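Just below is one structure, and these are the notes that go with it.
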Amino acid sequence: MQCRVCESKTVKTFNSLVLHKYSVDYFRCPNCSFLQTEQPYWLNEAYDNSINISDTGLLDRNISFSKMLAVLIYFNFNKDAKFLDYAGGYGVFTRLMRDIGFDFYWNDPYTQNLLAKGFKADINIDLKYELVTAFEVFEHLVNPKDEIEKMLQLSDTIVFSTEILPDPMPEAGSWWYHGFEHGQHISFYSRITLMELAKHFKLNYYFLESFHLFSRKIFDYKKLLIMKKFRNYGLFQIVKKMMKSKTMTDYYLLTNNKKNAKEF
């Protein structure tokens, strides 16, 4: 089977039961260390509920990432620009970022927008965003390069999260991120895999544990690491104090009270 990242020949690594009933082969690429399933024929069933029942960390993860991203944007990007949460789920992250004060928009063709109504982005129009976020998305991608190409048409920077494959690679059933019970995780990345993808698209890659940055721009890596380390120790509070929350202006906009929205 061909690797979906670097197109090298893969090696069958293990077989496991997915969704408690499908016998699925997993293949590892000896060149870029990408781990992928066989062609995922079970995805329609896996996405009967787009957010899987075992994702107990959804809220905690969004809160944590919103703090990190707020600090990252404030000190490295145009804080007044437009931003996009790609495959944004229920809209939790978009709402959190707007509440902090950033002009975030949501898009996800497979999930109901519950919390970011009124701020759906039409990604088919010719509009560039300061950055695109894709949290807990990469492990769901059947063809990662195709999806990254779409994201790069929207922005020069992609900030994303995915768990890195441990080394040595865990046996089947010994790593929670395999997600056999829900069947939605079909692509697993090592740091080598992500560097291969960055090289393919001529991007700079910055590794911040489960938090990753692809960009055509160049950043001070040490500065990024410091911001990550101290985001909960004052930096986020500084950013939150300096930004103007959109909570109430959004309320007035969504209730067609444009006068109050402008004055608030």
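All residue names refer to the structure tokens as shown: chains lettered A, B, ... in order, residues numbered from 1 in each chain, ligands numbered from 1 in order.
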Checklist entry - Could you name the residues that touch stretch 68-82 of chain A at 9 Å or less, counting only C-alpha atoms, but leaving out those on the same chain fewer than 6 positions away, as a PyMOL selection string? => result chain A and resi 97+100-105+128-131+159+219+224+227-228+231-232+235-236+238-240+243
Write the residues you've just listed into a file as a JSON list (two decimals), in the first residue's frame, and include N, CA and C atoms for each of them.
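Once everything was written out, this is result00.json:
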[["chain", "number", "residue", "atom", "x", "y", "z"],
["A", 97, "MET", "N", -12.82, 32.24, 21.10],
["A", 97, "MET", "CA", -11.90, 33.25, 20.56],
["A", 97, "MET", "C", -12.59, 34.57, 20.33],
["A", 100, "ILE", "N", -12.84, 36.35, 23.61],
["A", 100, "ILE", "CA", -11.58, 37.01, 23.98],
["A", 100, "ILE", "C", -11.42, 38.31, 23.21],
["A", 101, "GLY", "N", -11.88, 38.32, 21.95],
["A", 101, "GLY", "CA", -11.80, 39.55, 21.17],
["A", 101, "GLY", "C", -11.28, 39.39, 19.76],
["A", 102, "PHE", "N", -11.03, 38.16, 19.32],
["A", 102, "PHE", "CA", -10.49, 37.92, 17.98],
["A", 102, "PHE", "C", -11.63, 37.61, 16.99],
["A", 103, "ASP", "N", -11.47, 38.11, 15.77],
["A", 103, "ASP", "CA", -12.53, 38.01, 14.76],
["A", 103, "ASP", "C", -12.47, 36.63, 14.08],
["A", 104, "PHE", "N", -12.94, 35.62, 14.79],
["A", 104, "PHE", "CA", -12.90, 34.24, 14.32],
["A", 104, "PHE", "C", -14.19, 33.84, 13.62],
["A", 105, "TYR", "N", -14.02, 32.93, 12.64],
["A", 105, "TYR", "CA", -15.17, 32.39, 11.92],
["A", 105, "TYR", "C", -15.07, 30.87, 11.89],
["A", 128, "LYS", "N", -8.67, 35.60, 2.14],
["A", 128, "LYS", "CA", -7.53, 35.07, 2.88],
["A", 128, "LYS", "C", -7.68, 35.42, 4.36],
["A", 129, "TYR", "N", -7.31, 34.46, 5.19],
["A", 129, "TYR", "CA", -7.35, 34.65, 6.64],
["A", 129, "TYR", "C", -5.93, 34.78, 7.18],
["A", 130, "GLU", "N", -5.81, 35.48, 8.30],
["A", 130, "GLU", "CA", -4.50, 35.66, 8.91],
["A", 130, "GLU", "C", -3.90, 34.32, 9.31],
["A", 131, "LEU", "N", -4.74, 33.46, 9.85],
["A", 131, "LEU", "CA", -4.34, 32.07, 10.08],
["A", 131, "LEU", "C", -5.58, 31.19, 10.13],
["A", 159, "VAL", "N", -2.43, 26.45, 12.17],
["A", 159, "VAL", "CA", -2.14, 26.03, 13.53],
["A", 159, "VAL", "C", -3.04, 24.83, 13.83],
["A", 219, "PHE", "N", 9.23, 32.30, 12.27],
["A", 219, "PHE", "CA", 9.04, 32.74, 13.65],
["A", 219, "PHE", "C", 10.26, 32.39, 14.50],
["A", 224, "LEU", "N", 8.30, 31.15, 20.70],
["A", 224, "LEU", "CA", 7.07, 30.34, 20.71],
["A", 224, "LEU", "C", 7.04, 29.41, 21.91],
["A", 227, "MET", "N", 6.24, 31.35, 25.06],
["A", 227, "MET", "CA", 4.82, 31.70, 25.12],
["A", 227, "MET", "C", 3.97, 30.51, 25.51],
["A", 228, "LYS", "N", 4.31, 29.34, 24.99],
["A", 228, "LYS", "CA", 3.57, 28.14, 25.35],
["A", 228, "LYS", "C", 3.72, 27.83, 26.83],
["A", 231, "ARG", "N", 1.87, 30.68, 29.04],
["A", 231, "ARG", "CA", 0.57, 31.21, 28.65],
["A", 231, "ARG", "C", -0.41, 31.24, 29.82],
["A", 232, "ASN", "N", -0.27, 30.31, 30.76],
["A", 232, "ASN", "CA", -1.17, 30.28, 31.92],
["A", 232, "ASN", "C", -0.63, 31.06, 33.11],
["A", 235, "LEU", "N", 0.64, 35.68, 30.73],
["A", 235, "LEU", "CA", 0.56, 36.15, 29.35],
["A", 235, "LEU", "C", -0.87, 36.19, 28.84],
["A", 236, "PHE", "N", -1.62, 35.14, 29.10],
["A", 236, "PHE", "CA", -3.01, 35.12, 28.62],
["A", 236, "PHE", "C", -3.83, 36.22, 29.28],
["A", 238, "ILE", "N", -2.79, 39.08, 30.31],
["A", 238, "ILE", "CA", -2.40, 40.35, 29.68],
["A", 238, "ILE", "C", -3.14, 40.52, 28.36],
["A", 239, "VAL", "N", -3.14, 39.46, 27.55],
["A", 239, "VAL", "CA", -3.81, 39.52, 26.26],
["A", 239, "VAL", "C", -5.31, 39.76, 26.44],
["A", 240, "LYS", "N", -5.91, 39.04, 27.35],
["A", 240, "LYS", "CA", -7.35, 39.18, 27.58],
["A", 240, "LYS", "C", -7.70, 40.60, 28.02],
["A", 243, "MET", "N", -7.34, 42.95, 24.85],
["A", 243, "MET", "CA", -8.32, 42.75, 23.80],
["A", 243, "MET", "C", -9.71, 43.20, 24.26]]
Checklist entry - Could you pull the residues within 8 Å of A:Ile51, counting only C-alpha atoms, minus those fewer than 2 positions along the same chain, as a ChimeraX atom specification? => result /A:47,49,53,55,89,111
Selection to disk with N, CA and C atoms, as a CSV table (one decimal), in the first residue's frame:
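File produced: result22.csv:
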chain,number,residue,atom,x,y,z
A,47,TYR,N,-19.1,8.2,11.5
A,47,TYR,CA,-19.6,9.6,11.6
A,47,TYR,C,-21.1,9.7,11.7
A,49,ASN,N,-22.3,10.1,14.5
A,49,ASN,CA,-22.2,11.3,15.3
A,49,ASN,C,-20.9,11.9,15.0
A,53,ILE,N,-18.3,9.8,21.0
A,53,ILE,CA,-18.8,9.8,22.3
A,53,ILE,C,-17.7,9.7,23.3
A,55,ASP,N,-14.9,11.5,23.2
A,55,ASP,CA,-14.1,12.7,23.3
A,55,ASP,C,-14.4,13.5,24.5
A,89,GLY,N,-16.2,21.9,14.4
A,89,GLY,CA,-17.0,21.1,15.3
A,89,GLY,C,-18.3,21.9,15.7
A,111,THR,N,-20.6,19.0,10.7
A,111,THR,CA,-21.0,19.1,12.1
A,111,THR,C,-22.0,20.3,12.3
Next on the checklist: According to DSSP computed on the backbone, where in stretch 8-100 of chain A is there strand (DSSP E)? Give the residues as a count of residues only.
Outcome noted: 23
Neighbouring residues of stretch 197-212 of chain A were defined as those with any atom within 8 Å, considering only C-alpha atoms; residues of the same chain fewer than 5 positions away were excluded. Please report them as a PDB file with N, CA and C atoms, in the first residue's frame.
ATOM      1  N   VAL A   5       1.291  10.222   2.431  1.00  0.00           N
ATOM      2  CA  VAL A   5       2.063  11.449   2.648  1.00  0.00           C
ATOM      3  C   VAL A   5       3.224  11.542   1.665  1.00  0.00           C
ATOM      4  N   LYS A 145      -2.539  15.536   2.317  1.00  0.00           N
ATOM      5  CA  LYS A 145      -1.991  16.556   1.417  1.00  0.00           C
ATOM      6  C   LYS A 145      -3.093  17.335   0.698  1.00  0.00           C
ATOM      7  N   VAL A 159      -2.433  26.449  12.166  1.00  0.00           N
ATOM      8  CA  VAL A 159      -2.142  26.025  13.531  1.00  0.00           C
ATOM      9  C   VAL A 159      -3.038  24.834  13.827  1.00  0.00           C
ATOM     10  N   PHE A 160      -2.447  23.719  14.222  1.00  0.00           N
ATOM     11  CA  PHE A 160      -3.247  22.510  14.383  1.00  0.00           C
ATOM     12  C   PHE A 160      -2.762  21.685  15.563  1.00  0.00           C
ATOM     13  N   SER A 161      -3.598  20.739  15.952  1.00  0.00           N
ATOM     14  CA  SER A 161      -3.224  19.815  17.020  1.00  0.00           C
ATOM     15  C   SER A 161      -3.414  18.390  16.530  1.00  0.00           C
ATOM     16  N   THR A 162      -2.531  17.537  16.942  1.00  0.00           N
ATOM     17  CA  THR A 162      -2.672  16.093  16.772  1.00  0.00           C
ATOM     18  C   THR A 162      -1.621  15.455  17.661  1.00  0.00           C
ATOM     19  N   GLU A 163      -1.906  14.292  18.200  1.00  0.00           N
ATOM     20  CA  GLU A 163      -0.937  13.606  19.051  1.00  0.00           C
ATOM     21  C   GLU A 163       0.130  12.947  18.185  1.00  0.00           C
ATOM     22  N   ILE A 164       1.376  13.098  18.605  1.00  0.00           N
ATOM     23  CA  ILE A 164       2.491  12.517  17.862  1.00  0.00           C
ATOM     24  C   ILE A 164       2.635  11.034  18.205  1.00  0.00           C
ATOM     25  N   ARG A 191       6.899  13.212  14.115  1.00  0.00           N
ATOM     26  CA  ARG A 191       7.494  14.513  13.781  1.00  0.00           C
ATOM     27  C   ARG A 191       8.111  14.455  12.386  1.00  0.00           C
ATOM     28  N   LYS A 217       5.562  31.861   6.891  1.00  0.00           N
ATOM     29  CA  LYS A 217       6.297  32.885   7.641  1.00  0.00           C
ATOM     30  C   LYS A 217       7.338  32.226   8.537  1.00  0.00           C
ATOM     31  N   ILE A 218       8.305  33.027   8.968  1.00  0.00           N
ATOM     32  CA  ILE A 218       9.358  32.544   9.862  1.00  0.00           C
ATOM     33  C   ILE A 218       9.150  33.141  11.245  1.00  0.00           C
ATOM     34  N   TYR A 221      11.542  30.413  17.192  1.00  0.00           N
ATOM     35  CA  TYR A 221      11.069  29.190  17.847  1.00  0.00           C
ATOM     36  C   TYR A 221      11.180  29.281  19.368  1.00  0.00           C
ATOM     37  N   LEU A 225       8.177  28.789  22.210  1.00  0.00           N
ATOM     38  CA  LEU A 225       8.252  27.870  23.344  1.00  0.00           C
ATOM     39  C   LEU A 225       8.012  28.596  24.668  1.00  0.00           C
ATOM     40  N   LYS A 228       4.312  29.342  24.991  1.00  0.00           N
ATOM     41  CA  LYS A 228       3.566  28.138  25.346  1.00  0.00           C
ATOM     42  C   LYS A 228       3.723  27.830  26.833  1.00  0.00           C
TER      43      LYS A 228
END
Next on the checklist: List the spatial neighbours of A:Pro170 as a PyMOL selection string - criterion: any atom at most 12 Å away, only C-alpha atoms, same-chain residues fewer than 6 positions off excluded.
Outcome noted: chain A and resi 13-14+28+35+164+176-178+188
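Atom pair atom CA of A:Gly57 / atom CA of A:Ile148: separated by 24.7 Å.
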Checklist entry - Would you give me, as a ChimeraX atom specification, the residues in stretch 136-262 of chain A that DSSP reads as helix (DSSP H, G or I)? => result /A:138-140,144-154,176-178,191-200,221-242,247-254,258-262
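Between atom CA of A:Val18 and atom CA of A:His182 there is a distance of 7.2 Å.
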With only C-alpha atoms as the counted atoms, please give the residues lying no more than 9 Å from A:Leu43, apart from itself and same-chain residues fewer than 3 positions off, as a CSV table (one decimal) with C-alpha atoms, in the first residue's frame.
chain,number,residue,atom,x,y,z
A,40,PRO,CA,-11.4,3.5,5.4
A,46,ALA,CA,-18.1,6.1,12.2
A,47,TYR,CA,-19.6,9.6,11.6
A,48,ASP,CA,-23.1,8.8,12.5
A,183,GLY,CA,-13.2,4.5,14.0
A,184,GLN,CA,-12.6,8.2,13.2
